[in-house]
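What follows is one structure encoded as structure tokens, with my remarks underneath.
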Amino acid sequence: MFVEVKNLTKSHASQGESSDISVLRGLDFALESGRSAAIVGPSGAGKSTFLNILGGLERADSGIISVGGQDPGALAGNMLSDYRRHKVGFVFQSHHLLPQCSVLENVLVPFLPASKAERTAAQVVGRELLDALGLGNRLNHMPSQISGGERQRVAVARALAGRPQLILADEPTGALDRSNAMQLWTLLIKMQRERGVSLLAVTHSEELARQLDDVWELRDGKLERAS
Ligand SMILES: Nc1ncnc2c1ncn2[C@@H]1O[C@H](COP(=O)(O)OP(=O)(O)O)[C@@H](O)[C@H]1O
Ligand SMILES: [Mg+2]
């Protein structure tokens, strides 16, 4: 298994209340290398919390996590930055592009603090990705000059520029209309298959979820296979 999670727990401090909110309660999950999985579930179920933990953005309270043999919760400093740049790639619901940077610059932003060799590699891969995503003639456009669907495609290129082995996508189509949502989802699957990476994506759409290899439902703090 490329991703393996056992008995994961996570609570958040609740504002104004004495007891914490228990969000993940002994969650188990597994994903094979090169496979895709969707996570569905009600709002507030803990889907983003789970992806953030896998991506090294939040830490779990307890449990076992292995992402390609690494536990993001055990990493710090340069090891954690390296994990976030090269092991996983994140796509969020909102593109988080910097308005003052061009399309190409936005893809390269995560690599500014990296080594020269990494920056050069990201340049090459970034251009190739933008081309593959139909943005080859938009490299010097600003985010304000492209559509919402195109901005989200730039976010996909940025997530893949470090050649990660796992894409974590948290409602990547949540801010798009139906036709742009379908288009982005199709591109995400295409990129995942062509590059042989694993994909874990949250969506509210059953229709989109069914297009991935596995579907899981997050409910009562645990994940269950829905298909
Ligand atoms: N940083 C935080 N501090 C306190 N509570 C949080 C924090 N992040 C998330 N929560 C709470 O944890 C629960 C799960 O949130 P989230 O993972 O965002 O769910 P989902 O993505 O499934 O909608 C919600 O009740 C939310 O309010
Ligand atoms: Mg969420």
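Residues are referred to by chain and number: the chain letter is A, B, ... according to the order shown in the structure tokens, the number counts from 1 in that chain, and ligands are numbered separately from 1 in the order shown.
Listed by chain and then residue number, the contacts of ligand 2 are Ile39, Val40, Gly41, Pro42, Ser43, Gly44, Ala45, Gly46, Lys47, Ser48, Thr49, Phe50, Leu51, Asn52, Phe92, Gln93, Ser94, Ala169, Asp170, Glu171, Pro172, Gly174, Ala201, Val202, Thr203, His204 and Leu218 of chain A (distance at most 12 Å, using only C-alpha atoms and all ligand atoms).
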key: Sel. of strand (DSSP E or B) residues, segment 12-189 of chain A, as an NGL selection string   = :A and (12 or 21-31 or 36-40 or 62-67 or 70 or 88-91 or 166-170)
What does the file look like for those residues with N, CA and C atoms, as a compact mmCIF listing (two decimals), in the first residue's frame?
```
# COMPACT_ATOMS: atom_id res chain seq x y z
N HIS A 12 -10.29 18.72 17.68
CA HIS A 12 -10.03 20.16 17.59
C HIS A 12 -10.55 20.82 18.85
N ILE A 21 -13.69 18.88 20.29
CA ILE A 21 -14.53 18.17 19.31
C ILE A 21 -13.71 17.03 18.74
N SER A 22 -14.20 15.82 18.92
CA SER A 22 -13.50 14.66 18.39
C SER A 22 -13.91 14.48 16.92
N VAL A 23 -12.99 14.74 15.99
CA VAL A 23 -13.33 14.75 14.55
C VAL A 23 -13.04 13.39 13.92
N LEU A 24 -11.83 12.89 14.07
CA LEU A 24 -11.47 11.58 13.53
C LEU A 24 -11.34 10.61 14.70
N ARG A 25 -12.06 9.50 14.61
CA ARG A 25 -12.16 8.59 15.77
C ARG A 25 -11.77 7.17 15.43
N GLY A 26 -10.50 6.97 15.19
CA GLY A 26 -10.04 5.61 14.90
C GLY A 26 -10.24 5.26 13.44
N LEU A 27 -9.84 6.20 12.58
CA LEU A 27 -10.05 6.04 11.14
C LEU A 27 -8.97 5.14 10.51
N ASP A 28 -9.41 4.21 9.65
CA ASP A 28 -8.50 3.37 8.87
C ASP A 28 -8.66 3.70 7.39
N PHE A 29 -7.55 3.62 6.65
CA PHE A 29 -7.61 3.93 5.22
C PHE A 29 -6.40 3.31 4.53
N ALA A 30 -6.58 2.93 3.26
CA ALA A 30 -5.45 2.42 2.48
C ALA A 30 -5.65 2.77 1.01
N LEU A 31 -4.55 3.08 0.34
CA LEU A 31 -4.59 3.40 -1.08
C LEU A 31 -3.34 2.86 -1.75
N SER A 36 -6.70 5.71 -7.54
CA SER A 36 -7.39 6.92 -7.13
C SER A 36 -8.54 6.58 -6.19
N ALA A 37 -8.80 7.46 -5.23
CA ALA A 37 -9.91 7.26 -4.30
C ALA A 37 -10.61 8.59 -4.06
N ALA A 38 -11.95 8.51 -3.96
CA ALA A 38 -12.73 9.69 -3.62
C ALA A 38 -13.19 9.57 -2.17
N ILE A 39 -13.29 10.71 -1.50
CA ILE A 39 -13.89 10.74 -0.17
C ILE A 39 -15.13 11.63 -0.24
N VAL A 40 -16.25 11.07 0.16
CA VAL A 40 -17.49 11.84 0.25
C VAL A 40 -17.91 11.85 1.71
N SER A 62 -3.25 10.66 17.47
CA SER A 62 -2.69 9.32 17.62
C SER A 62 -3.01 8.51 16.37
N GLY A 63 -2.37 7.36 16.24
CA GLY A 63 -2.61 6.50 15.08
C GLY A 63 -1.34 6.30 14.28
N ILE A 64 -1.44 5.47 13.26
CA ILE A 64 -0.29 5.16 12.42
C ILE A 64 -0.55 5.67 11.01
N ILE A 65 0.41 6.42 10.47
CA ILE A 65 0.30 6.94 9.10
C ILE A 65 1.56 6.58 8.34
N SER A 66 1.38 6.03 7.14
CA SER A 66 2.51 5.83 6.26
C SER A 66 2.13 6.31 4.86
N VAL A 67 2.88 7.27 4.36
CA VAL A 67 2.71 7.74 2.98
C VAL A 67 4.03 7.45 2.27
N GLN A 70 6.70 7.14 4.76
CA GLN A 70 6.98 8.27 5.66
C GLN A 70 5.75 8.65 6.47
N VAL A 88 3.86 14.94 -1.69
CA VAL A 88 2.45 15.19 -1.95
C VAL A 88 2.26 16.51 -2.69
N GLY A 89 1.16 16.60 -3.43
CA GLY A 89 0.79 17.85 -4.08
C GLY A 89 -0.65 18.16 -3.68
N PHE A 90 -0.90 19.39 -3.24
CA PHE A 90 -2.22 19.78 -2.74
C PHE A 90 -2.97 20.64 -3.75
N VAL A 91 -4.24 20.33 -3.97
CA VAL A 91 -5.14 21.22 -4.71
C VAL A 91 -6.32 21.52 -3.79
N LEU A 166 1.69 11.51 -4.59
CA LEU A 166 0.29 11.52 -4.15
C LEU A 166 -0.30 12.91 -4.36
N ILE A 167 -1.46 12.98 -5.04
CA ILE A 167 -2.17 14.25 -5.15
C ILE A 167 -3.29 14.24 -4.12
N LEU A 168 -3.35 15.28 -3.32
CA LEU A 168 -4.44 15.46 -2.36
C LEU A 168 -5.29 16.62 -2.87
N ALA A 169 -6.54 16.33 -3.20
CA ALA A 169 -7.40 17.37 -3.78
C ALA A 169 -8.63 17.53 -2.89
N ASP A 170 -8.74 18.71 -2.24
CA ASP A 170 -9.84 18.96 -1.31
C ASP A 170 -10.93 19.79 -1.99
```
ask   = Quick one: of A:Lys10, A:Arg85, A:Arg178, A:Arg163, who's nearest to ligand 1, counting only C-alpha atoms and all ligand atoms?
value = A:Lys10
DSSP alpha helix (DSSP H) residues within segment 100-161 of chain A, listed as a VMD selection string = chain A and resid 103 to 108 116 to 132 148 to 160
Output the selection as a tab-separated table (two decimals), in the first residue's frame - N, CA, C and O atoms for each residue.
```tsv
chain	number	residue	atom	x	y	z
A	103	VAL	N	1.02	33.18	-14.44
A	103	VAL	CA	0.66	31.76	-14.37
A	103	VAL	C	1.88	30.90	-14.08
A	103	VAL	O	1.90	30.09	-13.14
A	104	LEU	N	2.94	31.08	-14.87
A	104	LEU	CA	4.15	30.26	-14.67
A	104	LEU	C	4.79	30.53	-13.31
A	104	LEU	O	5.17	29.60	-12.60
A	105	GLU	N	4.86	31.81	-12.93
A	105	GLU	CA	5.46	32.15	-11.63
A	105	GLU	C	4.69	31.49	-10.48
A	105	GLU	O	5.29	31.01	-9.51
A	106	ASN	N	3.36	31.46	-10.60
A	106	ASN	CA	2.56	30.84	-9.55
A	106	ASN	C	2.88	29.36	-9.37
A	106	ASN	O	2.90	28.85	-8.25
A	107	VAL	N	3.15	28.69	-10.49
A	107	VAL	CA	3.49	27.26	-10.42
A	107	VAL	C	4.83	27.07	-9.72
A	107	VAL	O	5.07	26.06	-9.05
A	108	LEU	N	5.71	28.07	-9.85
A	108	LEU	CA	7.07	27.93	-9.32
A	108	LEU	C	7.23	28.46	-7.89
A	108	LEU	O	8.25	28.20	-7.24
A	116	LYS	N	18.71	25.28	-6.05
A	116	LYS	CA	18.72	25.72	-7.45
A	116	LYS	C	18.33	24.57	-8.38
A	116	LYS	O	17.59	24.76	-9.35
A	117	ALA	N	18.83	23.38	-8.07
A	117	ALA	CA	18.52	22.21	-8.90
A	117	ALA	C	17.02	21.92	-8.89
A	117	ALA	O	16.42	21.62	-9.93
A	118	GLU	N	16.40	22.05	-7.71
A	118	GLU	CA	14.95	21.83	-7.62
A	118	GLU	C	14.17	22.89	-8.40
A	118	GLU	O	13.17	22.58	-9.04
A	119	ARG	N	14.65	24.14	-8.31
A	119	ARG	CA	13.97	25.23	-9.02
A	119	ARG	C	14.04	25.00	-10.53
A	119	ARG	O	13.05	25.19	-11.25
A	120	THR	N	15.21	24.59	-11.00
A	120	THR	CA	15.38	24.34	-12.44
A	120	THR	C	14.47	23.19	-12.89
A	120	THR	O	13.81	23.28	-13.93
A	121	ALA	N	14.44	22.13	-12.09
A	121	ALA	CA	13.59	20.99	-12.43
A	121	ALA	C	12.12	21.41	-12.46
A	121	ALA	O	11.37	21.03	-13.38
A	122	ALA	N	11.70	22.21	-11.48
A	122	ALA	CA	10.31	22.66	-11.42
A	122	ALA	C	9.95	23.53	-12.62
A	122	ALA	O	8.83	23.47	-13.13
A	123	GLN	N	10.91	24.33	-13.10
A	123	GLN	CA	10.70	25.15	-14.31
A	123	GLN	C	10.33	24.27	-15.49
A	123	GLN	O	9.36	24.53	-16.20
A	124	VAL	N	11.13	23.22	-15.68
A	124	VAL	CA	10.94	22.32	-16.82
A	124	VAL	C	9.61	21.58	-16.69
A	124	VAL	O	8.78	21.59	-17.61
A	125	VAL	N	9.40	20.97	-15.53
A	125	VAL	CA	8.18	20.20	-15.31
A	125	VAL	C	6.96	21.11	-15.33
A	125	VAL	O	5.92	20.77	-15.90
A	126	GLY	N	7.08	22.29	-14.74
A	126	GLY	CA	5.97	23.24	-14.67
A	126	GLY	C	5.49	23.67	-16.05
A	126	GLY	O	4.29	23.68	-16.32
A	127	ARG	N	6.43	23.98	-16.94
A	127	ARG	CA	6.06	24.38	-18.31
A	127	ARG	C	5.37	23.22	-19.03
A	127	ARG	O	4.37	23.42	-19.73
A	128	GLU	N	5.93	22.04	-18.85
A	128	GLU	CA	5.38	20.85	-19.50
A	128	GLU	C	3.95	20.58	-19.00
A	128	GLU	O	3.04	20.27	-19.77
A	129	LEU	N	3.74	20.75	-17.68
A	129	LEU	CA	2.42	20.52	-17.09
A	129	LEU	C	1.41	21.55	-17.60
A	129	LEU	O	0.28	21.20	-17.96
A	130	LEU	N	1.82	22.81	-17.64
A	130	LEU	CA	0.90	23.85	-18.10
A	130	LEU	C	0.50	23.60	-19.55
A	130	LEU	O	-0.65	23.79	-19.94
A	131	ASP	N	1.45	23.11	-20.31
A	131	ASP	CA	1.19	22.75	-21.70
A	131	ASP	C	0.16	21.62	-21.77
A	131	ASP	O	-0.84	21.70	-22.49
A	132	ALA	N	0.40	20.58	-20.98
A	132	ALA	CA	-0.49	19.41	-20.95
A	132	ALA	C	-1.89	19.79	-20.47
A	132	ALA	O	-2.87	19.13	-20.81
A	148	GLY	N	-12.02	31.01	-14.17
A	148	GLY	CA	-11.98	30.24	-12.93
A	148	GLY	C	-11.49	28.82	-13.15
A	148	GLY	O	-10.70	28.29	-12.37
A	149	GLY	N	-11.97	28.22	-14.24
A	149	GLY	CA	-11.54	26.85	-14.55
A	149	GLY	C	-10.05	26.79	-14.87
A	149	GLY	O	-9.36	25.86	-14.47
A	150	GLU	N	-9.58	27.81	-15.58
A	150	GLU	CA	-8.15	27.87	-15.93
A	150	GLU	C	-7.29	28.10	-14.68
A	150	GLU	O	-6.22	27.51	-14.54
A	151	ARG	N	-7.79	28.93	-13.77
A	151	ARG	CA	-7.03	29.18	-12.53
A	151	ARG	C	-6.88	27.87	-11.74
A	151	ARG	O	-5.83	27.59	-11.18
A	152	GLN	N	-7.93	27.08	-11.73
A	152	GLN	CA	-7.86	25.82	-10.99
A	152	GLN	C	-6.90	24.83	-11.69
A	152	GLN	O	-6.25	24.03	-11.05
A	153	ARG	N	-6.80	24.94	-13.01
A	153	ARG	CA	-5.82	24.11	-13.74
A	153	ARG	C	-4.40	24.53	-13.40
A	153	ARG	O	-3.50	23.69	-13.32
A	154	VAL	N	-4.19	25.82	-13.19
A	154	VAL	CA	-2.87	26.29	-12.76
A	154	VAL	C	-2.54	25.69	-11.39
A	154	VAL	O	-1.41	25.25	-11.13
A	155	ALA	N	-3.56	25.63	-10.53
A	155	ALA	CA	-3.36	25.04	-9.19
A	155	ALA	C	-2.97	23.56	-9.31
A	155	ALA	O	-2.17	23.06	-8.52
A	156	VAL	N	-3.52	22.87	-10.30
A	156	VAL	CA	-3.18	21.46	-10.52
A	156	VAL	C	-1.71	21.36	-10.97
A	156	VAL	O	-0.95	20.52	-10.49
A	157	ALA	N	-1.31	22.24	-11.89
A	157	ALA	CA	0.08	22.25	-12.35
A	157	ALA	C	1.03	22.52	-11.19
A	157	ALA	O	2.07	21.87	-11.05
A	158	ARG	N	0.65	23.47	-10.34
A	158	ARG	CA	1.49	23.80	-9.17
A	158	ARG	C	1.62	22.58	-8.24
A	158	ARG	O	2.70	22.28	-7.73
A	159	ALA	N	0.52	21.85	-8.07
A	159	ALA	CA	0.54	20.68	-7.18
A	159	ALA	C	1.44	19.58	-7.73
A	159	ALA	O	2.02	18.80	-6.97
A	160	LEU	N	1.56	19.50	-9.07
A	160	LEU	CA	2.31	18.40	-9.69
A	160	LEU	C	3.76	18.76	-10.03
A	160	LEU	O	4.54	17.88	-10.41
```
ask   = In Å, with one decimal, what is the gap from atom CA of Val197 of chain A to atom CA of Leu212 of chain A?
value = 13.0 Å
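If you look at atom CA of Lys6 of chain A and atom CA of Gln192 of chain A, they are 24.8 Å away from each other.
The gap separating atom 18 (O, counted along the ligand's line) of ligand 1 from atom CA of Glu17 of chain A is 18.2 Å, in Å to one decimal.
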request  = Choose the residue, out of A:Ile146, A:Ala209, A:Leu223, A:Leu139, that has the smallest atom-to-atom separation from ligand 1; count only C-alpha atoms and all ligand atoms.
outcome  = A:Leu223
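Shortest separation to ligand 1 among A:Leu75, A:Leu176, A:Val3, A:Ser14 occurs at residue A:Ser14, atoms counted being only C-alpha atoms and all ligand atoms.
Minimum distance to ligand 1 across A:Leu112, A:Gly69, A:Arg138, A:Asp220 (counting only C-alpha atoms and all ligand atoms) occurs at A:Asp220.
With distances restricted to only C-alpha atoms and all ligand atoms, A:Asp20 is the closest residue to ligand 1 from A:Glu207, A:Asp214, A:Asp20, A:Glu4.
If only C-alpha atoms are the atoms counted, then among A:Gln15, A:Ser115, A:Ser33, A:Ser102 the closest residue to Gly68 of chain A is A:Ser33.
Non-sequential neighbours of Gln100 of chain A (distance at most 12 Å, separation of 6 or more positions within a chain, only C-alpha atoms) are Asn106, Val109, Asn140, His141, Met142, Pro143, Ser144 and Gln145 of chain A.
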